[in-house]
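Participant: I have a structure here, written as structure tokens, and I will follow up with some questions on it.
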Amino acid sequence: MKKIGFIGLGNMGLPMSHNLITSNFDVYGADLNKEALLHFEKNGGKVGYSITQLASTCDVIFTSLPSNGAVEAIYLGEQGLIEHANTNILLIDTSTVSPELNIRIEQSAKLKGVDFLAAPVSGGVIGAINKTLTFMIGGSKEVFERALPVLHVLGENIFHVSEKIDSGTATKLINNLLIGFYTAGVSEALTLAKESQLDLDKLFDMLNVSYGQSRIYERNYKSFIANDDYAPGFALNLLKKDMGFALELADKNHVDLPISKILYGMYEEADKSGLGEQDMSVLYKKVSTQTPS
Ligand code: NAD
């Protein structure tokens, strides 16, 4: 396992690919964005290869892509990974996509005799930089074990959820449903605190040692809200995407999630008002500015 392809060199893919490079793998990158490719090349990555060239020559290919559409095109398109894969390749999708897409990719991969894992991650950009990501992986246990050495370069907690290809994704969507709840809760709670003339730094210190504490409160407040800087991070439109997939999963399993539906509407509205590309914590800005001081 020496030659690794990395497709999607954004907020997550760039630091993950960098960690592979510094662990002495030869890493070949692809991205539609020229700036992302330049950063990757500066980090020591190799550029200038098509998806089909990567598919026919790499031992492992990781993808970290922003949407179902991008993942579908890269895996299932005519010029895509599965059509052109060499038979020893291992394909690992770390993007968060719909469970239904995991299943379609696995079906195509099986027809071609290609190994594929659906391996969404949690831990954010900080986790990607610090190699502390959590992986929630669905797919063959044998293939999972084959992938472990390279996964350990990127993450600290590597879970095999089950042989069912979409089981890691279902886990990840439930994680992100909770992130959606916490982010909305922090936005409303801090708006109330501000309007009650409380000092938000002092509030954090007190709630951080109380039951109101949460990792999302800490992340959203300390890294974004306190600095009034919302560069992602985890873009709000990506959280909206994941909450949408979680609601689809709920529908499929005949589960009614009334509060989640309301929250999804909040993220949808924030995205429509132009905040989608900013970090999810920007929801606080929307909630607090809707409240007249
Ligand atoms: P991002 O938008 O920063 O990066 C995606 C990259 O993919 C961009 O550089 C874009 O140019 C590239 N891209 C898009 N379509 C492409 C194509 N067809 N071919 C090649 N490159 C293409 O997104 P991100 O924040 O890095 O997230 C990536 C995935 O990881 C998403 O599925 C997201 O839900 C998931 N995720 C993100 C975080 C986070 O904190 N940012 C955490 C966990 C999981």
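Residue numbering restarts at 1 for every chain of the structure tokens, chains are lettered A, B, ... in their displayed order, and ligands are numbered from 1 as they appear.
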Can you pull out every residue within 8 Å of Asn11 of chain A, counting only C-alpha atoms, but drop anything in the same chain fewer than 4 positions away, and send it as a list in words?
Facilitator: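 Close residues of Asn11 of chain A: Pro15, Val125, Pro232, Gly233 and Phe234 of chain A.
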Participant: Show me a table, sorted first by chain and then by increasing residue number, of the residues of chain A having an atom at most 9 Å from ligand 1, each with its shortest atom pair and the distance in Å to one decimal, counting only C-alpha atoms and all ligand atoms and written as a tab-separated table.
Facilitator:
```
residue	atom	partner	partner_atom_place_in_ligand_line	distance
A:Ile7	CA	ligand 1	20 (C)	5.6
A:Gly8	CA	ligand 1	7 (O)	3.6
A:Leu9	CA	ligand 1	9 (O)	4.7
A:Gly10	CA	ligand 1	4 (O)	3.3
A:Asn11	CA	ligand 1	26 (O)	3.7
A:Met12	CA	ligand 1	26 (O)	3.7
A:Gly13	CA	ligand 1	26 (O)	5.4
A:Leu14	CA	ligand 1	26 (O)	7.6
A:Ala30	CA	ligand 1	20 (C)	5.6
A:Asp31	CA	ligand 1	21 (N)	3.5
A:Leu32	CA	ligand 1	21 (N)	4.5
A:Asn33	CA	ligand 1	11 (O)	4.4
A:Lys34	CA	ligand 1	11 (O)	8.1
A:Glu35	CA	ligand 1	9 (O)	8.5
A:Ala36	CA	ligand 1	9 (O)	5.8
A:Leu37	CA	ligand 1	9 (O)	8.4
A:Ile51	CA	ligand 1	19 (N)	8.5
A:Thr63	CA	ligand 1	29 (C)	8.2
A:Ser64	CA	ligand 1	28 (C)	4.6
A:Leu65	CA	ligand 1	7 (O)	4.4
A:Pro66	CA	ligand 1	31 (C)	4.1
A:Ser67	CA	ligand 1	32 (O)	5.9
A:Asn68	CA	ligand 1	32 (O)	8.1
A:Gly69	CA	ligand 1	18 (N)	8.0
A:Ala70	CA	ligand 1	18 (N)	4.6
A:Val71	CA	ligand 1	18 (N)	7.1
A:Glu72	CA	ligand 1	18 (N)	8.7
A:Ala73	CA	ligand 1	18 (N)	6.5
A:Ile74	CA	ligand 1	18 (N)	6.0
A:Thr94	CA	ligand 1	30 (O)	6.3
A:Ser95	CA	ligand 1	32 (O)	3.6
A:Thr96	CA	ligand 1	32 (O)	4.0
A:Val97	CA	ligand 1	32 (O)	6.3
A:Pro120	CA	ligand 1	44 (C)	6.5
A:Val121	CA	ligand 1	43 (C)	5.1
A:Ser122	CA	ligand 1	43 (C)	4.6
A:Gly123	CA	ligand 1	42 (C)	6.1
A:Gly124	CA	ligand 1	40 (O)	3.4
A:Val125	CA	ligand 1	40 (O)	5.0
A:Ile126	CA	ligand 1	40 (O)	8.0
A:Gly127	CA	ligand 1	40 (O)	8.5
A:Ala128	CA	ligand 1	42 (C)	8.3
A:Leu133	CA	ligand 1	43 (C)	8.6
A:Lys172	CA	ligand 1	44 (C)	8.7
A:Asn176	CA	ligand 1	43 (C)	9.0
A:Pro232	CA	ligand 1	41 (N)	6.9
A:Gly233	CA	ligand 1	40 (O)	5.1
A:Phe234	CA	ligand 1	41 (N)	3.7
A:Ala235	CA	ligand 1	25 (O)	6.4
A:Asn237	CA	ligand 1	34 (O)	8.9
A:Leu238	CA	ligand 1	34 (O)	5.1
A:Leu239	CA	ligand 1	34 (O)	6.9
A:Lys241	CA	ligand 1	34 (O)	7.6
A:Asp242	CA	ligand 1	34 (O)	6.8
A:Glu277	CA	ligand 1	2 (O)	8.6
A:Asp279	CA	ligand 1	41 (N)	8.6
```
Participant: Show which residues sit within 12 Å of Ala170 of chain A, as an mmCIF file with C-alpha atoms, in the first residue's frame. Count only C-alpha atoms, and ignore same-chain residues fewer than 6 positions away.
Facilitator:
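Below is the file that was written, around18.cif:
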```cif
data_model
loop_
_atom_site.group_PDB
_atom_site.id
_atom_site.type_symbol
_atom_site.label_atom_id
_atom_site.label_comp_id
_atom_site.auth_asym_id
_atom_site.auth_seq_id
_atom_site.Cartn_x
_atom_site.Cartn_y
_atom_site.Cartn_z
ATOM 1 C CA THR A 96 -21.128 11.914 4.168
ATOM 2 C CA VAL A 97 -23.660 10.835 1.532
ATOM 3 C CA SER A 98 -27.059 9.149 1.522
ATOM 4 C CA PRO A 99 -27.222 5.493 2.600
ATOM 5 C CA GLU A 100 -28.875 4.707 -0.732
ATOM 6 C CA ASN A 102 -23.475 3.750 -0.460
ATOM 7 C CA ALA A 118 -18.261 3.619 3.118
ATOM 8 C CA ALA A 119 -16.255 5.379 5.819
ATOM 9 C CA PRO A 120 -17.699 8.694 7.015
ATOM 10 C CA VAL A 121 -15.718 10.584 9.629
ATOM 11 C CA MET A 136 -17.649 4.879 11.284
ATOM 12 C CA ILE A 137 -17.269 2.211 8.651
ATOM 13 C CA GLY A 138 -19.717 -0.032 6.854
ATOM 14 C CA VAL A 161 -20.074 -0.729 12.419
ATOM 15 C CA SER A 162 -21.226 -3.792 10.466
ATOM 16 C CA LYS A 164 -23.910 -3.586 5.919
ATOM 17 C CA ASN A 176 -24.914 14.918 12.802
ATOM 18 C CA LEU A 177 -28.570 15.092 13.769
ATOM 19 C CA ASP A 242 -26.659 15.591 6.526
ATOM 20 C CA MET A 243 -29.819 16.511 8.448
ATOM 21 C CA PHE A 245 -30.255 12.546 4.781
ATOM 22 C CA ALA A 246 -31.105 11.768 8.426
ATOM 23 C CA LEU A 247 -34.738 12.771 7.807
ATOM 24 C CA GLU A 248 -34.804 10.542 4.686
ATOM 25 C CA LEU A 249 -33.478 7.667 6.805
ATOM 26 C CA ALA A 250 -36.213 8.354 9.364
ATOM 27 C CA LYS A 252 -37.530 5.031 5.271
ATOM 28 C CA ASN A 253 -37.760 3.497 8.741
#
```
Participant: Neighbouring residues of Ser140 of chain A were defined as those with any atom within 10 Å, considering only C-alpha atoms; residues of the same chain fewer than 4 positions away were excluded. Please report them as a PyMOL selection string.
Facilitator: chain A and resi 115-117+144-146+160+162-165
Participant: Once you have the residues from the selection above, write them out as a PDB file, in the first residue's frame, restricted to C-alpha atoms.
Facilitator:
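This went into again-v5.pdb:
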```
ATOM      1  CA  ASP A 115     -13.217  -3.483  -2.672  1.00  0.00           C
ATOM      2  CA  PHE A 116     -15.170  -0.495  -1.316  1.00  0.00           C
ATOM      3  CA  LEU A 117     -15.773   0.892   2.175  1.00  0.00           C
ATOM      4  CA  PHE A 144     -11.899  -3.119   6.773  1.00  0.00           C
ATOM      5  CA  GLU A 145      -8.943  -5.023   8.244  1.00  0.00           C
ATOM      6  CA  ARG A 146      -7.001  -4.551   5.049  1.00  0.00           C
ATOM      7  CA  HIS A 160     -16.317  -1.228  11.979  1.00  0.00           C
ATOM      8  CA  SER A 162     -21.226  -3.792  10.466  1.00  0.00           C
ATOM      9  CA  GLU A 163     -20.919  -5.617   7.146  1.00  0.00           C
ATOM     10  CA  LYS A 164     -23.910  -3.586   5.919  1.00  0.00           C
ATOM     11  CA  ILE A 165     -22.351  -0.938   3.679  1.00  0.00           C
TER      12      ILE A 165
END
```
Participant: Choose the residue, out of A:Leu81, A:Asn43, A:Lys286, A:Asn88, that has the smallest atom-to-atom separation from Thr22 of chain A; count only C-alpha atoms.
Facilitator: A:Asn43
Participant: What does the structure give for the distance between atom CA of Leu91 of chain A and atom CA of Gly48 of chain A, in Å to one decimal?
Facilitator: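 Pair atom CA of Leu91 of chain A / atom CA of Gly48 of chain A returns 19.9 Å.
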Participant: Could you give me, as number ranges by chain, each residue of segment 84-259 of chain A that DSSP assigns to strand (DSSP E) when run on this structure's backbone?
Facilitator: A: 90-93, 115-118, 121-122, 133-138, 155-162
Participant: Residues of the last selection are to be written out with N, CA and C atoms, as a short mmCIF file (atom, residue, chain, number, x, y, z; two decimals), in the first residue's frame.
Facilitator:
```
data_model
loop_
_atom_site.label_atom_id
_atom_site.label_comp_id
_atom_site.auth_asym_id
_atom_site.auth_seq_id
_atom_site.Cartn_x
_atom_site.Cartn_y
_atom_site.Cartn_z
N LEU A 90 -8.34 -0.49 -3.38
CA LEU A 90 -9.26 -0.35 -2.26
C LEU A 90 -9.81 1.08 -2.30
N LEU A 91 -11.14 1.21 -2.41
CA LEU A 91 -11.78 2.54 -2.50
C LEU A 91 -12.44 2.86 -1.17
N ILE A 92 -12.13 4.05 -0.62
CA ILE A 92 -12.66 4.43 0.70
C ILE A 92 -13.30 5.81 0.60
N ASP A 93 -14.63 5.84 0.76
CA ASP A 93 -15.33 7.13 0.70
C ASP A 93 -15.53 7.67 2.11
N ASP A 115 -12.93 -3.68 -4.10
CA ASP A 115 -13.22 -3.48 -2.67
C ASP A 115 -13.58 -2.03 -2.39
N PHE A 116 -14.68 -1.84 -1.62
CA PHE A 116 -15.17 -0.49 -1.32
C PHE A 116 -15.64 -0.43 0.13
N LEU A 117 -15.27 0.64 0.81
CA LEU A 117 -15.77 0.89 2.18
C LEU A 117 -16.44 2.25 2.22
N ALA A 118 -17.61 2.33 2.86
CA ALA A 118 -18.26 3.62 3.12
C ALA A 118 -17.82 4.03 4.51
N VAL A 121 -16.57 10.23 8.49
CA VAL A 121 -15.72 10.58 9.63
C VAL A 121 -16.38 11.66 10.49
N SER A 122 -15.94 11.73 11.74
CA SER A 122 -16.33 12.83 12.62
C SER A 122 -15.08 13.34 13.32
N LEU A 133 -9.40 11.76 13.94
CA LEU A 133 -10.76 11.54 13.43
C LEU A 133 -11.34 10.24 13.97
N THR A 134 -12.68 10.22 14.06
CA THR A 134 -13.41 8.98 14.31
C THR A 134 -13.95 8.49 12.97
N PHE A 135 -13.70 7.23 12.64
CA PHE A 135 -14.24 6.63 11.41
C PHE A 135 -15.37 5.69 11.79
N MET A 136 -16.50 5.77 11.05
CA MET A 136 -17.65 4.88 11.28
C MET A 136 -17.86 4.13 9.98
N ILE A 137 -17.44 2.87 9.95
CA ILE A 137 -17.27 2.21 8.65
C ILE A 137 -18.24 1.06 8.44
N GLY A 138 -18.87 1.08 7.27
CA GLY A 138 -19.72 -0.03 6.85
C GLY A 138 -19.04 -0.76 5.70
N GLY A 155 -6.81 8.59 11.73
CA GLY A 155 -7.79 8.69 12.82
C GLY A 155 -7.36 7.92 14.05
N GLU A 156 -8.05 8.24 15.15
CA GLU A 156 -7.72 7.63 16.44
C GLU A 156 -8.72 6.52 16.77
N ASN A 157 -9.99 6.76 16.39
CA ASN A 157 -11.05 5.81 16.72
C ASN A 157 -11.63 5.26 15.42
N ILE A 158 -11.29 4.01 15.13
CA ILE A 158 -11.70 3.44 13.85
C ILE A 158 -12.70 2.32 14.15
N PHE A 159 -13.97 2.56 13.83
CA PHE A 159 -15.01 1.57 14.16
C PHE A 159 -15.50 0.85 12.91
N HIS A 160 -15.60 -0.47 13.00
CA HIS A 160 -16.32 -1.23 11.98
C HIS A 160 -17.74 -1.38 12.51
N VAL A 161 -18.71 -0.72 11.87
CA VAL A 161 -20.07 -0.73 12.42
C VAL A 161 -20.73 -2.08 12.11
N SER A 162 -20.75 -2.45 10.83
CA SER A 162 -21.23 -3.79 10.47
C SER A 162 -20.89 -4.05 9.01
#
```
Participant: What separation in Å, quoted to one decimal, exists between atom CA of Ser223 of chain A and atom CA of Phe40 of chain A?
Facilitator: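 Taking atom CA of Ser223 of chain A and atom CA of Phe40 of chain A, their separation equals 24.6 Å.
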Participant: Between A:Gln213, A:Gln107, A:Gln278, A:Gln197, single out the one closest to Asp228 of chain A, counting only C-alpha atoms.
Facilitator: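 Going through A:Gln213, A:Gln107, A:Gln278, A:Gln197 one by one, the smallest distance to Asp228 of chain A is for A:Gln278.
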Participant: To one decimal in Å, tell me the separation between atom CA of Pro258 of chain A and atom CA of Phe181 of chain A.
Facilitator: 12.2 Å
Participant: Skip Ser281 of chain A itself and residues of its chain fewer than 4 positions away, then list as a PyMOL selection string all residues within 8 Å of it, counting only C-alpha atoms.
Facilitator: chain A and resi 183+187+220-221+224-225+230+236+285
Participant: Calculated over only C-alpha atoms, which of the candidates A:His84, A:Lys194, A:Lys3, A:Lys141 has the smallest distance to Gly113 of chain A?
Facilitator: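 Nearest candidate to Gly113 of chain A out of A:His84, A:Lys194, A:Lys3, A:Lys141: A:His84.
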Participant: Would you return as number ranges by chain the members of segment 18-207 of chain A that DSSP assigns to alpha helix (DSSP H) on this structure's backbone?
Facilitator: A: 18-22, 34-42, 51-57, 68-76, 81-84, 99-112, 124-130, 141-154, 167-195, 200-207
Participant: Quick one: of A:Val153, A:Ile103, A:Ala109, A:Leu20, who's nearest to Thr132 of chain A, counting only C-alpha atoms?
Facilitator: A:Val153
Participant: Point out the residue among A:Ile105, A:Ile216, A:Ala270, A:Val287 with the least atom-to-atom distance to Leu190 of chain A, counting only C-alpha atoms.
Facilitator: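 Comparing A:Ile105, A:Ile216, A:Ala270, A:Val287 against Leu190 of chain A, the winner is A:Val287.
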